[in-house]
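> Got a structure here, written out as structure tokens. Questions coming.
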Amino acid sequence: MVTLAHLARPLTALRASDRPAVGGKAASLAELTAAGLPVPAGFAITTAAYCQAVAPLDPDGALGRQIDRLDPADAAGIAAISGWVRAAILATPLPADVREAISACYQALVGEDPRGAPVAVRSSATSEDSGSASFAGLQDTFLWVRGEDAVDEYVRRCWASLYNVESVTYRRHQGVPEQGLAMGVVVQVMVDPRCAGVLFTRSPVTGDTSVVVIEASWGLGSALVSGDVTPDSYVVSKVTGEIVKRTVAAKLRQHQRDPAGGGVCVADVPPKLRDVPCLADAEILALADLGRRVTEHYGAPQDVEWAITGTGPAGAGTDAGAEAGQRVILLQSRPETVWSHRPAAPVAAPKTRAFDHVLERLQVPRATR
Amino acid sequence: MDPAGPTRSFTLPSAIKDVPGAENWRSMYPYFTRFQPGDDQRFWFYNSMHFPEPMPAFDAVTAEIPYTAIGANTTRVFVLPTTLGIEHRIVNGRVYITAIPVTDPAEIARRAELFNERAGYYFGNWDRLYAGWKDRIAGLISEIEAITVPELGEFEDPRVVMESTGVAQNHYVRENFHKCLDLFSKMWHHHTEFLMLGYGAYMVFFEFCKNAFPEISEQTVARMVAGIDVIMYRPDDELKRLARLAVESGLADEFPEGCDPDAALAALAERGDAGRDWLAAFDAVRHPWFHVSTGDGFYHHHRSWNENLAVPFAALTRYVRQVSAGESLDRPTATLQAERERIAAEYRALLATEEDRGAFDQMLGLCRLVFPYVEDHKFYCEHWFTTRFFQKIRAFGELLVRKDVLADPDDVFYLQHYEIDEALADVMLAWASGGPPLGAAHLRPIIAERKRMLDVLKTWSPPPALGPVPEALNDPAVQMLWGITQDTIESWYSQSGAEDEREVRGYGASSGIVEGTARVLRDVNEIGTIRDGEILVCPVTAPSWGPVFGKIKAAVSDIGGTMSHAAIVAREYGMPAVVGTGQATKRIKTGQRVRVDGDRGVVTILD
């Protein structure tokens, strides 16, 4: 087993410094796990495993150089090459030791469940989730994956998603070379959320760092991320803990587990739940607290994906804060990239005398609209 | 809708009809309070914060004199660059006001030069000048308390002869009456002396916080500013002290709920040393702490606690019960203070740059410098002084009753102060000539008609605003005290066409959400009708209603900003409050179930 740790390792055996080995998302989840945050248990498949499996497709690097030379505007050229690479990755069986490493970690994760407990298989690219550029959403995530064979297949699909047309085009725009490109994969116990969403530890609209903004909708967070639903929105003051603003949207659709088999489907939200807030106050506060802990850990504003387990409408069960806190799950956190890159221009500067602020202000006619 | 077009207008002043049955309301007020044809071109709002009821003729002096003082300070004394003073008009008994903006840049610059010098002097010497202010106000209070009303008995006091003072007492009827008005005017000049500068400091800090933290609620900014030891809490604190003393002295049984204050005081006198000691403590507290008005000091019928002991006794009996049950009545001042510092420190730490933190420290420091004045002047001016002022005017009413001019001392308040001059001259002449005063036949029908008209005018719901939607609102008091911003005006404007909606919107002044039964109070004298757990809906929530805040679940007002006294007290009591709704008292009926959302500033009518 020890010899296989370079191919797959539990999240608990990883740290942020393992980012080159497992990709951004896995390293981040490992770090958040180590910080005691409520991350679902899981393991990471390393970039070494990717390289071992995919390197034979481009033994002398010629393919990579060919992609490097592509014009980002050459849609047809990108589509042709990326399609070929994806097909090749999916058609290549896993090397035996990679398969063995995944099997060992998977068994340790799901135990003896003969049907295979459902897991999420998520891409973890080395260039993703960095503080400087958001590759968010360009690589694939697969939910409700059951059994070892399926895991093996979806790991390869994750790898292949590195060659999605959008991903290749994005790399060409950004000038990221193909040489050394690799991808890790995270496999985590599947969470069946009552509702899910994102939270921003500064307002994405105004950049206000004193609030946490939470967006939430029924079912899986993918409904919200994909824009299939207008989410509820809550603004919470980090300083006073007050819920400053709440906007309950008409939530018509939700993403949920496909009852017909594995995977995810889109469903109508039952009419009686559409206009109901999907978070109870205690849950809003528990999420704001989660945001605070993540931000404190990283020392910078974060975009956080979260879920709340359980069934039924908001507040079903109890509103008790501790109980709400236990149902909050952290799925992902990445640095906020929009406002962090704007220069922090001062709102006001000190003046010679404090009252000069008033003297100057009262000379300015008020604009009324 | 055209955002800047001339079509955006509230009802024009000229379009307001006389309330049927009260067509003669103009007789109650001076000519200069009437809307003029040119007033249709300007924006006016109903000052329901200070004048929630139709004005009795005398009480209109509480608009006339304050506006002569506040305007003098903004227009001529401190020379505010972008705004002149406040004009007021009365229609159907209601006071509408507007501030005159200065918009010409050259004129603003010319005024700014004087303003910088003068306002700079006051800010630069604030503590010293404020200490002097307190002395001057104390002097004015002593003067008004010392005013006497001549007896006008059959023969003059022999001292006029033996000391050859040479002036008979009927002279002093007019002189002393005028002195009341003169002192009231001086008090108002001092009242507004620091006011605009204080509000300017608030406005700058609020705007800074809104720019640095666009999502911050105004109540959170207010919490960073607000003082803990505010003198307006003192009367209530004194009641708590008296309650503790009653329990410690074994006198709790004399304070059953709903007891008659006079009977209770008489019974306490029979309770030996303990009873006498308590009564001595009670009498010491009454001066000055019971000179607090049950209103805001703008109406003659807003009597003080001293004149209506039922108000302090309502709270006192509850406090006695609570102390007996072992409850602590102490406001957690140390906790409140620590929480205020924590909030300020955390926002400060969240600022993006060192420069911002420097500016934040200056602005917050300035707000805390001006806060004692902004809060405490209320007690000295609107409460203590004004309570005494109305008592003196009532004493002149008593003279007019003794001379058979009026039937009741309070009838004096149904005359303009100019008309009281006439009535007093009548009495002075009659005393001099030895003949009878002629006033009864002339004045009593007028007073009867006015009382009837005021009852009719009470039924009118005045629109919150009149005239075109304004281009500029430059007066800091309009924003910070009345809570009127462009958003308020937009909200009034949008509501003026949609009155059947179930939501009444204002400012969330104190957070939390509760549901309950509404009690709409248009008149402070109905204060006794409030039941435990009701939601108070009123034109303005006066902080001197302190005891009422112990009973209600939430407060809703037509007018008021985040730093209005009501908002501060609601936060102190930890109850939701929505202020500045413009028309809550118009749209909500007593007995309706309502939900008050102090976070969003929305009141929902549930029935």
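Note on naming: chains are A, B, ... as they come in the structure tokens, residues start from 1 per chain, ligands start from 1 in the order shown.
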At a cut-off of 8 Å, list the chain B residues touching chain A, using only C-alpha atoms, as an NGL selection string.

:B and (80-82 or 103 or 108-109 or 112 or 115-116 or 119-120 or 123-124 or 197 or 200-201 or 204 or 208 or 211-217 or 220 or 343 or 346-347 or 350 or 352-353 or 355-356 or 358-360 or 362-363 or 365-366 or 470-474 or 486 or 511 or 599-600)

> Find the spatial neighbours of Arg292 (chain A), counting only C-alpha atoms, within a cut-off of 9 Å - ignore same-chain residues fewer than 4 positions away - and output them as a PDB file with N, CA and C atoms, in the first residue's frame.


ATOM      1  N   THR A 201     -17.726  35.743   1.122  1.00  0.00           N
ATOM      2  CA  THR A 201     -17.402  36.398   2.392  1.00  0.00           C
ATOM      3  C   THR A 201     -17.115  37.883   2.198  1.00  0.00           C
ATOM      4  N   VAL A 212     -21.458  38.774   4.836  1.00  0.00           N
ATOM      5  CA  VAL A 212     -21.441  37.505   4.122  1.00  0.00           C
ATOM      6  C   VAL A 212     -22.720  37.484   3.291  1.00  0.00           C
ATOM      7  N   LYS A 238     -21.129  40.510   9.363  1.00  0.00           N
ATOM      8  CA  LYS A 238     -20.136  39.721  10.104  1.00  0.00           C
ATOM      9  C   LYS A 238     -19.946  40.287  11.504  1.00  0.00           C
ATOM     10  N   LEU A 287     -24.177  29.307   8.450  1.00  0.00           N
ATOM     11  CA  LEU A 287     -23.418  29.472   7.207  1.00  0.00           C
ATOM     12  C   LEU A 287     -22.506  30.696   7.281  1.00  0.00           C
ATOM     13  N   ALA A 288     -23.025  31.784   7.861  1.00  0.00           N
ATOM     14  CA  ALA A 288     -22.194  32.977   8.000  1.00  0.00           C
ATOM     15  C   ALA A 288     -20.979  32.649   8.860  1.00  0.00           C
ATOM     16  N   GLU A 296     -11.088  33.337   7.976  1.00  0.00           N
ATOM     17  CA  GLU A 296     -10.035  33.455   8.993  1.00  0.00           C
ATOM     18  C   GLU A 296      -8.894  32.500   8.676  1.00  0.00           C
ATOM     19  N   HIS A 297      -9.277  31.305   8.206  1.00  0.00           N
ATOM     20  CA  HIS A 297      -8.249  30.317   7.906  1.00  0.00           C
ATOM     21  C   HIS A 297      -7.329  30.806   6.791  1.00  0.00           C
TER      22      HIS A 297
END

> Near Leu140 (chain B), counting only C-alpha atoms, which residues have an atom at most 10 Å away, once you skip same-chain residues fewer than 3 positions from it, shown as a list of chain:residue names?

B:Lys134, B:Asp135, B:Arg136, B:Ile137, B:Glu143, B:Ile144, B:Glu145, B:Ala146, B:Leu183, B:Phe184, B:Lys186, B:Met187, B:His190, B:Tyr380, B:Cys381, B:Phe385

> I'd like the contact shell of region 420-425 of chain B - 12 Å cut-off, only C-alpha atoms, skipping same-chain residues fewer than 5 positions apart - returned as a short mmCIF file (atom, residue, chain, number, x, y, z; two decimals) with N, CA and C atoms, in the first residue's frame.


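Just written: result.cif:
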data_model
loop_
_atom_site.label_atom_id
_atom_site.label_comp_id
_atom_site.auth_asym_id
_atom_site.auth_seq_id
_atom_site.Cartn_x
_atom_site.Cartn_y
_atom_site.Cartn_z
N ALA B 57 -54.35 76.96 18.59
CA ALA B 57 -53.84 78.25 18.12
C ALA B 57 -52.57 78.68 18.85
N PHE B 58 -52.56 78.58 20.19
CA PHE B 58 -51.36 79.00 20.90
C PHE B 58 -50.17 78.11 20.56
N VAL B 149 -47.26 85.58 37.84
CA VAL B 149 -48.41 86.21 37.20
C VAL B 149 -49.05 87.14 38.24
N PRO B 150 -49.16 88.42 37.95
CA PRO B 150 -49.75 89.34 38.94
C PRO B 150 -51.13 88.89 39.38
N LEU B 152 -53.55 90.85 40.56
CA LEU B 152 -54.59 91.83 40.24
C LEU B 152 -55.72 91.80 41.26
N ASN B 170 -50.47 95.77 37.13
CA ASN B 170 -51.08 95.40 35.84
C ASN B 170 -50.08 95.54 34.69
N HIS B 171 -49.08 96.43 34.89
CA HIS B 171 -48.01 96.51 33.88
C HIS B 171 -47.33 95.15 33.69
N TYR B 172 -47.11 94.45 34.81
CA TYR B 172 -46.33 93.21 34.74
C TYR B 172 -47.09 92.05 34.13
N VAL B 173 -48.41 92.24 33.94
CA VAL B 173 -49.15 91.18 33.25
C VAL B 173 -48.56 91.01 31.86
N ARG B 174 -48.47 92.12 31.14
CA ARG B 174 -47.94 92.02 29.78
C ARG B 174 -46.45 91.73 29.80
N GLU B 175 -45.71 92.44 30.66
CA GLU B 175 -44.25 92.25 30.67
C GLU B 175 -43.89 90.79 30.96
N ASN B 176 -44.56 90.22 31.95
CA ASN B 176 -44.20 88.85 32.31
C ASN B 176 -44.68 87.83 31.27
N PHE B 177 -45.83 88.14 30.65
CA PHE B 177 -46.28 87.25 29.56
C PHE B 177 -45.27 87.30 28.41
N HIS B 178 -44.86 88.50 28.07
CA HIS B 178 -43.86 88.62 27.00
C HIS B 178 -42.56 87.95 27.39
N LEU B 181 -42.57 84.37 26.48
CA LEU B 181 -42.29 84.15 25.05
C LEU B 181 -40.83 84.46 24.73
N ILE B 393 -47.78 79.73 31.01
CA ILE B 393 -48.86 80.22 30.14
C ILE B 393 -50.22 79.83 30.73
N ARG B 394 -50.25 78.61 31.27
CA ARG B 394 -51.49 78.15 31.92
C ARG B 394 -51.83 79.06 33.11
N PHE B 396 -51.28 82.21 33.28
CA PHE B 396 -51.96 83.39 32.72
C PHE B 396 -53.41 83.03 32.36
N GLY B 397 -53.61 81.79 31.93
CA GLY B 397 -54.98 81.31 31.69
C GLY B 397 -55.80 81.37 32.97
N GLU B 398 -55.16 81.01 34.08
CA GLU B 398 -55.86 81.06 35.37
C GLU B 398 -56.26 82.50 35.72
N LEU B 399 -55.37 83.44 35.42
CA LEU B 399 -55.71 84.85 35.65
C LEU B 399 -56.95 85.25 34.84
N LEU B 400 -56.96 84.79 33.58
CA LEU B 400 -58.11 85.13 32.72
C LEU B 400 -59.40 84.47 33.21
N VAL B 401 -59.25 83.31 33.86
CA VAL B 401 -60.43 82.68 34.46
C VAL B 401 -60.90 83.49 35.67
N LYS B 403 -60.62 86.51 36.13
CA LYS B 403 -61.23 87.76 35.68
C LYS B 403 -62.44 87.51 34.79
N ASP B 404 -62.93 86.26 34.80
CA ASP B 404 -64.15 85.90 34.07
C ASP B 404 -64.07 86.08 32.56
N VAL B 405 -62.86 86.14 32.04
CA VAL B 405 -62.73 86.19 30.57
C VAL B 405 -62.87 84.79 29.99
N LEU B 406 -62.15 83.85 30.58
CA LEU B 406 -62.19 82.46 30.10
C LEU B 406 -62.94 81.60 31.11
N ASP B 411 -58.25 77.05 28.20
CA ASP B 411 -58.82 77.73 27.03
C ASP B 411 -57.85 78.75 26.44
N VAL B 412 -56.89 79.17 27.26
CA VAL B 412 -55.91 80.15 26.77
C VAL B 412 -55.15 79.60 25.56
N PHE B 413 -55.04 78.27 25.51
CA PHE B 413 -54.25 77.67 24.43
C PHE B 413 -55.01 77.62 23.10
N TYR B 414 -56.27 78.06 23.12
CA TYR B 414 -57.02 78.11 21.87
C TYR B 414 -56.98 79.51 21.27
N LEU B 415 -56.14 80.35 21.86
CA LEU B 415 -55.92 81.69 21.32
C LEU B 415 -54.48 81.79 20.81
N ALA B 430 -59.20 96.81 32.48
CA ALA B 430 -60.34 96.68 33.39
C ALA B 430 -59.91 96.87 34.84
N TRP B 431 -58.73 96.32 35.18
CA TRP B 431 -58.22 96.46 36.55
C TRP B 431 -57.92 97.94 36.82
N ALA B 432 -57.42 98.60 35.80
CA ALA B 432 -57.09 100.02 35.96
C ALA B 432 -58.34 100.87 36.06
N SER B 433 -59.31 100.59 35.20
CA SER B 433 -60.49 101.46 35.16
C SER B 433 -61.48 101.12 36.27
N PRO B 437 -63.78 93.38 32.44
CA PRO B 437 -63.16 93.02 31.16
C PRO B 437 -64.25 92.65 30.16
N LEU B 438 -63.99 92.87 28.89
CA LEU B 438 -65.00 92.65 27.86
C LEU B 438 -64.78 91.34 27.10
N GLY B 439 -63.76 90.59 27.51
CA GLY B 439 -63.31 89.44 26.70
C GLY B 439 -64.26 88.27 26.61
N ALA B 440 -65.03 88.02 27.67
CA ALA B 440 -65.81 86.78 27.69
C ALA B 440 -66.72 86.68 26.47
N ALA B 441 -67.48 87.76 26.20
CA ALA B 441 -68.44 87.71 25.10
C ALA B 441 -67.74 87.55 23.76
N HIS B 442 -66.55 88.15 23.66
CA HIS B 442 -65.83 88.10 22.39
C HIS B 442 -65.13 86.74 22.20
N LEU B 443 -64.45 86.26 23.27
CA LEU B 443 -63.53 85.13 23.10
C LEU B 443 -64.19 83.76 23.26
N ARG B 444 -65.17 83.66 24.14
CA ARG B 444 -65.69 82.31 24.41
C ARG B 444 -66.28 81.63 23.17
N ILE B 447 -63.37 80.41 21.04
CA ILE B 447 -62.71 79.23 21.62
C ILE B 447 -63.57 77.98 21.39
#

> Kindly indicate which residue among B:Ile513, B:Ser328, B:Thr529, B:Val579 lies nearest to Val594 (chain B), using only C-alpha atoms for the distances.

B:Ile513
